[in-house]
Amino acid sequence: MSSTAGRSGEAFVKEITLRSEDFSRWYLDVVRKAELADYSPVKGCMVIRPYGYAIWELIQRQLDDRFKATGHVNAYFPLFIPESLLLKEAEHVEGFAPQVAWVTRGGTEDLDEKLIVRPTSETLFGVMYQKWIQSWRDLPVLINQWANVVRWEKVTRPFLRTTEFLWQEGHTAHETAEEAQEETLKILALYKEFCENVLAMPVVDGQKSESEKFAGASKTYSIEALMGDGRALQAGTSHNLGQNFAKAFGIQFQGRDKSLQHVWTTSWGVSTRLVGGVIMTHGDDSGLILPPRVAPWQVVIVPIPRGNWKETVLPKCEEIRDQLQAAGIRVRLDGDDSQTPGWKFSEYEMRGVPLRLEIGPKDIEKSAVFAARRDTRAKQSLPMQGLPGAVAALLDDIQASLLTRAREFRDGHTVAATSYDEFTSIMEGRPGFVPAPWCGSAQCETDIKAETQATIRNIPFGFEKAPGVGCVKCGNPAVVTAWFAKAY
């Protein structure tokens, strides 16, 4: 159990399992107690509650701004995909077949052709791009869609892995291989910047191994984050599809030299899994800790109800709320007198609100407010004069401090291994990232996973060559330094 105390020292217990006792149970407790999501009657699916959806909306809005700033536009494609389209790209269908949900009846009639409930949309985009692209002048095509997808998962966990989830998927078509590769890496860098600057979640960016790449891709790149229990989370992927889908779907154009050529395509996406990443990166025994840039309420104002507080304290709280809102700060004023201030302190800590402002009669006499940070629990008095600027500065500091803290945790839980004995010893439990030399053999990769549950998360940029050592598993010359971890 966890407890928290207000200025009075009054403690309030929340039914949240300690992270150190059972991280998985702690996570589920936080998701439900903070009213982020709940289980639905449909197995493997979740209901995203308003507070959780508000976090997703902030993620969506800020990502969407970044996509549009780089020339991408939004569209919407159907939820249903004819079976014949999925079958066109052999590697793609093989990769997704175990997760596909099928529609076989419409109303009272059997369908002439089965439909797939969208697991991803490369095939539909391929069909439409084949119609829309005729000349090099039509390129590049830079389209993104915000949508839901369905993948029939056996083991689910809210936000991290659910049968239905929300995401964005970008699908682009280019004139040359070089342009497609540039797009793939540009989006990966965009994802990394977003995760670090908005979610305060440091990530490792690099290329996936052949066995871990997206079904049908030429190259897959990912960003990998480290959660508070030492497990890795794939936070986003960007795929260079080469000409695989272009050839499967006949996406051709007349080149500048009048020759008929296939386009080069990419796809990329992040999902509601990012909400889970924020919870597990920053949360503590009292619940959520939200980075200010994705906090639905960046500040909560709690009036201290003493004397005729509704005539004195409450109007001042409303005035301060209006000032902060005018400065672009998301604020909640909790004037509900059915709960004590101490209960509210505990409640908003559990919900991860970055900054709490307490205002009572004595604070008004001093023309000040009492501020408490969620990340460090540090408290201080702030003058009412110039308060919006002081609050904005505190929120910026909280945002930066959370990134620093997460980066220090990640770096402190990254331990390199050069021998297999060393590797297996480190991998006992949940250690974090383990960089190790790898020969590039799929067999070594498979054996390591079977023996330790660790997978290659990616080969980070800058680690594409191994420094003249043997593979951690077989001892043959290593070609890269791969980053291994146990993962969600």
# chains A, B, ... in the order shown; residues from 1 in each chain; ligands from 1
$ residues_around --residues "Leu387 (chain A)" --least-positions-apart "4" --cutoff "9 Å" --atoms "only C-alpha atoms" --output "ChimeraX atom specification"
/A:320,323-324,368-369,382-383,391-392
$ write_last_selection --atoms "C-alpha atoms" --output "PDB file, in the first residue's frame"
ATOM      1  CA  ILE A 320      -5.643  32.598 -10.137  1.00  0.00           C
ATOM      2  CA  GLN A 323      -4.762  33.933 -14.874  1.00  0.00           C
ATOM      3  CA  LEU A 324      -3.075  30.574 -15.412  1.00  0.00           C
ATOM      4  CA  ALA A 368       1.312  33.871  -1.872  1.00  0.00           C
ATOM      5  CA  VAL A 369       0.383  30.304  -2.761  1.00  0.00           C
ATOM      6  CA  LEU A 382       5.240  31.397  -4.556  1.00  0.00           C
ATOM      7  CA  PRO A 383       4.177  35.070  -4.617  1.00  0.00           C
ATOM      8  CA  VAL A 391       4.304  28.268 -12.595  1.00  0.00           C
ATOM      9  CA  ALA A 392       5.342  27.951 -16.259  1.00  0.00           C
TER      10      ALA A 392
END
$ residues_around --residues "region 416-422 of chain A" --least-positions-apart "2" --cutoff "12 Å" --atoms "only C-alpha atoms" --output "count of residues only"
39
$ residues_around --residues "Glu224 (chain A)" --least-positions-apart "2" --cutoff "9 Å" --atoms "only C-alpha atoms" --output "list in words"
Pro202, Val203, Val204, Asp205, Gly206, Ser222, Leu226, Ala232, Leu233, Gln234, Ala235, Gly236, Arg457 and Asn458 of chain A
$ closest_atom_pairs --of "region 110-197 of chain A" --to "region 15-24 of chain A" --cutoff "12 Å" --atoms "only C-alpha atoms" --output "tab-separated table"
residue	atom	partner	partner_atom	distance
A:Arg157	CA	A:Ser24	CA	9.4
A:Pro158	CA	A:Ser24	CA	11.1
A:Leu160	CA	A:Ser24	CA	11.5
$ write_last_selection --atoms "N, CA and C atoms" --output "PDB file, in the first residue's frame"
ATOM      1  N   ARG A 157      -2.662  -6.576 -22.023  1.00  0.00           N
ATOM      2  CA  ARG A 157      -2.479  -5.710 -20.861  1.00  0.00           C
ATOM      3  C   ARG A 157      -2.853  -4.289 -21.304  1.00  0.00           C
ATOM      4  N   PRO A 158      -3.686  -3.587 -20.523  1.00  0.00           N
ATOM      5  CA  PRO A 158      -4.173  -2.272 -20.955  1.00  0.00           C
ATOM      6  C   PRO A 158      -3.052  -1.363 -21.464  1.00  0.00           C
ATOM      7  N   LEU A 160      -0.578  -1.499 -23.242  1.00  0.00           N
ATOM      8  CA  LEU A 160       0.648  -2.109 -23.763  1.00  0.00           C
ATOM      9  C   LEU A 160       0.377  -3.086 -24.900  1.00  0.00           C
TER      10      LEU A 160
END
$ select_by_dssp --residues "region 109-241 of chain A" --states "strand (DSSP E)" --output "PyMOL selection string"
chain A and resi 109-117+141-150+164-174+203-207+219-226+232-241
$ write_last_selection --atoms "C-alpha atoms" --output "mmCIF file, in the first residue's frame"
data_model
loop_
_atom_site.group_PDB
_atom_site.id
_atom_site.type_symbol
_atom_site.label_atom_id
_atom_site.label_comp_id
_atom_site.auth_asym_id
_atom_site.auth_seq_id
_atom_site.Cartn_x
_atom_site.Cartn_y
_atom_site.Cartn_z
ATOM 1 C CA GLU A 109 -25.708 -13.702 -45.563
ATOM 2 C CA ASP A 110 -22.317 -15.345 -45.931
ATOM 3 C CA LEU A 111 -19.818 -13.063 -47.659
ATOM 4 C CA ASP A 112 -18.537 -14.047 -51.106
ATOM 5 C CA GLU A 113 -15.057 -12.987 -49.961
ATOM 6 C CA LYS A 114 -13.921 -12.923 -46.346
ATOM 7 C CA LEU A 115 -12.931 -9.562 -44.917
ATOM 8 C CA ILE A 116 -10.091 -8.822 -42.526
ATOM 9 C CA VAL A 117 -10.515 -6.320 -39.719
ATOM 10 C CA VAL A 141 2.798 10.924 -51.551
ATOM 11 C CA LEU A 142 2.943 11.596 -47.809
ATOM 12 C CA ILE A 143 -0.244 10.366 -46.074
ATOM 13 C CA ASN A 144 -0.948 9.539 -42.435
ATOM 14 C CA GLN A 145 -4.103 8.206 -40.855
ATOM 15 C CA TRP A 146 -5.312 8.129 -37.247
ATOM 16 C CA ALA A 147 -7.264 4.917 -36.793
ATOM 17 C CA ASN A 148 -8.016 1.837 -34.735
ATOM 18 C CA VAL A 149 -6.593 -1.575 -35.599
ATOM 19 C CA VAL A 150 -7.305 -5.121 -34.437
ATOM 20 C CA GLU A 164 -7.953 -3.338 -30.452
ATOM 21 C CA PHE A 165 -5.829 -0.229 -30.083
ATOM 22 C CA LEU A 166 -5.541 3.287 -31.424
ATOM 23 C CA TRP A 167 -2.603 4.471 -33.468
ATOM 24 C CA GLN A 168 -1.374 6.486 -36.382
ATOM 25 C CA GLU A 169 0.055 4.855 -39.462
ATOM 26 C CA GLY A 170 1.955 6.801 -42.075
ATOM 27 C CA HIS A 171 2.281 5.441 -45.605
ATOM 28 C CA THR A 172 4.460 7.226 -48.141
ATOM 29 C CA ALA A 173 5.532 6.662 -51.741
ATOM 30 C CA HIS A 174 8.725 8.019 -53.289
ATOM 31 C CA VAL A 203 14.785 6.043 -26.261
ATOM 32 C CA VAL A 204 17.461 4.110 -28.128
ATOM 33 C CA ASP A 205 17.072 4.425 -31.902
ATOM 34 C CA GLY A 206 18.429 1.875 -34.335
ATOM 35 C CA GLN A 207 17.753 -0.905 -36.831
ATOM 36 C CA LYS A 219 14.476 -2.571 -43.227
ATOM 37 C CA THR A 220 12.767 -1.812 -39.929
ATOM 38 C CA TYR A 221 13.968 0.799 -37.448
ATOM 39 C CA SER A 222 12.681 1.275 -33.919
ATOM 40 C CA ILE A 223 12.892 3.389 -30.820
ATOM 41 C CA GLU A 224 13.234 1.369 -27.618
ATOM 42 C CA ALA A 225 12.527 2.702 -24.118
ATOM 43 C CA LEU A 226 13.402 1.157 -20.757
ATOM 44 C CA ALA A 232 12.223 -2.711 -22.731
ATOM 45 C CA LEU A 233 9.258 -1.269 -24.613
ATOM 46 C CA GLN A 234 9.201 -0.857 -28.380
ATOM 47 C CA ALA A 235 7.795 2.668 -28.507
ATOM 48 C CA GLY A 236 7.611 3.189 -32.276
ATOM 49 C CA THR A 237 8.706 1.753 -35.610
ATOM 50 C CA SER A 238 9.578 3.100 -39.053
ATOM 51 C CA HIS A 239 9.791 0.729 -42.015
ATOM 52 C CA ASN A 240 11.521 1.078 -45.356
ATOM 53 C CA LEU A 241 9.373 -1.212 -47.495
#
$ residues_around --residues "Thr376 (chain A)" --least-positions-apart "5" --cutoff "10 Å" --atoms "only C-alpha atoms" --output "ChimeraX atom specification"
/A:354,398,401-402
$ write_last_selection --atoms "N, CA and C atoms" --output "compact mmCIF listing (two decimals), in the first residue's frame"
# COMPACT_ATOMS: atom_id res chain seq x y z
N PRO A 354 1.22 17.37 -12.31
CA PRO A 354 2.60 17.82 -12.05
C PRO A 354 2.76 18.81 -10.90
N ILE A 398 10.05 20.65 -14.18
CA ILE A 398 9.55 19.30 -13.93
C ILE A 398 9.72 18.44 -15.18
N SER A 401 13.40 17.66 -15.59
CA SER A 401 13.88 16.78 -14.51
C SER A 401 13.43 15.34 -14.72
N LEU A 402 12.20 15.16 -15.22
CA LEU A 402 11.72 13.80 -15.46
C LEU A 402 12.53 13.12 -16.55
$ select_by_dssp --residues "region 40-229 of chain A" --states "helix (DSSP H, G or I)" --output "ChimeraX atom specification"
/A:50-69,83-86,90-99,122-132,136-138,177-197,210-212
$ atom_distance --atom1 "CA of Cys439 (chain A)" --atom2 "CA of Asn244 (chain A)"
26.8 Å
$ atom_distance --atom1 "CA of Lys344 (chain A)" --atom2 "CA of Val47 (chain A)"
25.2 Å
$ atom_distance --atom1 "CA of Ala217 (chain A)" --atom2 "CA of Ala180 (chain A)"
12.1 Å
$ closest_atom_pairs --of "region 280-355 of chain A" --to "region 181-201 of chain A" --cutoff "8 Å" --atoms "only C-alpha atoms" --output "Markdown table"
| residue | atom | partner | partner_atom | distance |
| --- | --- | --- | --- | --- |
| A:Thr281 | CA | A:Met201 | CA | 6.8 |
| A:Pro291 | CA | A:Leu199 | CA | 6.1 |
| A:Arg293 | CA | A:Val198 | CA | 5.6 |
| A:Val294 | CA | A:Leu199 | CA | 6.8 |
$ write_last_selection --atoms "N, CA and C atoms" --output "PDB file, in the first residue's frame"
ATOM      1  N   THR A 281       7.464   4.490 -17.105  1.00  0.00           N
ATOM      2  CA  THR A 281       8.727   5.219 -17.057  1.00  0.00           C
ATOM      3  C   THR A 281       8.797   6.108 -15.816  1.00  0.00           C
ATOM      4  N   PRO A 291       4.463  13.842 -17.189  1.00  0.00           N
ATOM      5  CA  PRO A 291       5.198  14.985 -17.719  1.00  0.00           C
ATOM      6  C   PRO A 291       4.208  16.104 -18.049  1.00  0.00           C
ATOM      7  N   ARG A 293       3.827  18.164 -20.372  1.00  0.00           N
ATOM      8  CA  ARG A 293       3.371  18.339 -21.754  1.00  0.00           C
ATOM      9  C   ARG A 293       2.295  17.345 -22.177  1.00  0.00           C
ATOM     10  N   VAL A 294       2.078  16.276 -21.384  1.00  0.00           N
ATOM     11  CA  VAL A 294       0.961  15.371 -21.673  1.00  0.00           C
ATOM     12  C   VAL A 294       0.016  15.229 -20.486  1.00  0.00           C
TER      13      VAL A 294
END
$ residues_around --residues "Ala372 (chain A)" --least-positions-apart "6" --cutoff "9 Å" --atoms "only C-alpha atoms" --output "MDAnalysis selection string"
chainID A and resid 354:358 378:381
$ residues_around --residues "region 96-98 of chain A" --least-positions-apart "4" --cutoff "9 Å" --atoms "only C-alpha atoms" --output "PyMOL selection string"
chain A and resi 91-92+119+151-153+215
$ decode --residues "region 88-109 of chain A" --atoms "N, CA and C atoms" --output "short mmCIF file (atom, residue, chain, number, x, y, z; two decimals), in the first residue's frame"
data_model
loop_
_atom_site.label_atom_id
_atom_site.label_comp_id
_atom_site.auth_asym_id
_atom_site.auth_seq_id
_atom_site.Cartn_x
_atom_site.Cartn_y
_atom_site.Cartn_z
N LYS A 88 -1.67 -10.80 -51.40
CA LYS A 88 -0.80 -10.35 -52.49
C LYS A 88 0.67 -10.26 -52.09
N GLU A 89 0.94 -9.97 -50.82
CA GLU A 89 2.33 -9.85 -50.37
C GLU A 89 2.61 -11.01 -49.43
N ALA A 90 3.34 -12.02 -49.92
CA ALA A 90 3.46 -13.31 -49.21
C ALA A 90 4.04 -13.16 -47.81
N GLU A 91 5.14 -12.42 -47.70
CA GLU A 91 5.79 -12.27 -46.40
C GLU A 91 4.88 -11.53 -45.43
N HIS A 92 4.13 -10.57 -45.94
CA HIS A 92 3.21 -9.78 -45.11
C HIS A 92 2.10 -10.66 -44.55
N VAL A 93 1.48 -11.48 -45.40
CA VAL A 93 0.39 -12.33 -44.93
C VAL A 93 0.88 -13.37 -43.93
N GLU A 94 2.08 -13.89 -44.16
CA GLU A 94 2.64 -14.88 -43.23
C GLU A 94 2.87 -14.26 -41.86
N GLY A 95 3.33 -13.00 -41.86
CA GLY A 95 3.61 -12.34 -40.59
C GLY A 95 2.37 -12.01 -39.79
N PHE A 96 1.27 -11.67 -40.48
CA PHE A 96 0.08 -11.21 -39.78
C PHE A 96 -1.01 -12.27 -39.62
N ALA A 97 -0.92 -13.38 -40.33
CA ALA A 97 -1.98 -14.39 -40.30
C ALA A 97 -2.41 -14.80 -38.89
N PRO A 98 -1.48 -15.03 -37.94
CA PRO A 98 -1.92 -15.49 -36.62
C PRO A 98 -2.73 -14.44 -35.84
N GLN A 99 -2.66 -13.16 -36.25
CA GLN A 99 -3.31 -12.10 -35.49
C GLN A 99 -4.56 -11.55 -36.17
N VAL A 100 -4.93 -12.11 -37.31
CA VAL A 100 -6.02 -11.53 -38.10
C VAL A 100 -7.39 -11.93 -37.54
N ALA A 101 -8.29 -10.93 -37.48
CA ALA A 101 -9.70 -11.19 -37.17
C ALA A 101 -10.48 -11.14 -38.47
N TRP A 102 -11.37 -12.12 -38.65
CA TRP A 102 -12.08 -12.27 -39.93
C TRP A 102 -13.55 -11.93 -39.78
N VAL A 103 -14.12 -11.37 -40.87
CA VAL A 103 -15.56 -11.18 -40.99
C VAL A 103 -16.04 -12.10 -42.10
N THR A 104 -16.95 -13.00 -41.77
CA THR A 104 -17.41 -13.99 -42.76
C THR A 104 -18.88 -13.84 -43.10
N ARG A 105 -19.63 -13.07 -42.30
CA ARG A 105 -21.06 -12.87 -42.56
C ARG A 105 -21.38 -11.38 -42.50
N GLY A 106 -22.29 -10.96 -43.35
CA GLY A 106 -22.82 -9.62 -43.31
C GLY A 106 -24.33 -9.71 -43.15
N GLY A 107 -24.82 -9.32 -41.97
CA GLY A 107 -26.25 -9.52 -41.70
C GLY A 107 -26.56 -10.99 -41.64
N THR A 108 -27.43 -11.46 -42.50
CA THR A 108 -27.83 -12.88 -42.51
C THR A 108 -27.17 -13.67 -43.63
N GLU A 109 -26.29 -13.03 -44.40
CA GLU A 109 -25.71 -13.70 -45.56
C GLU A 109 -24.21 -13.93 -45.40
#
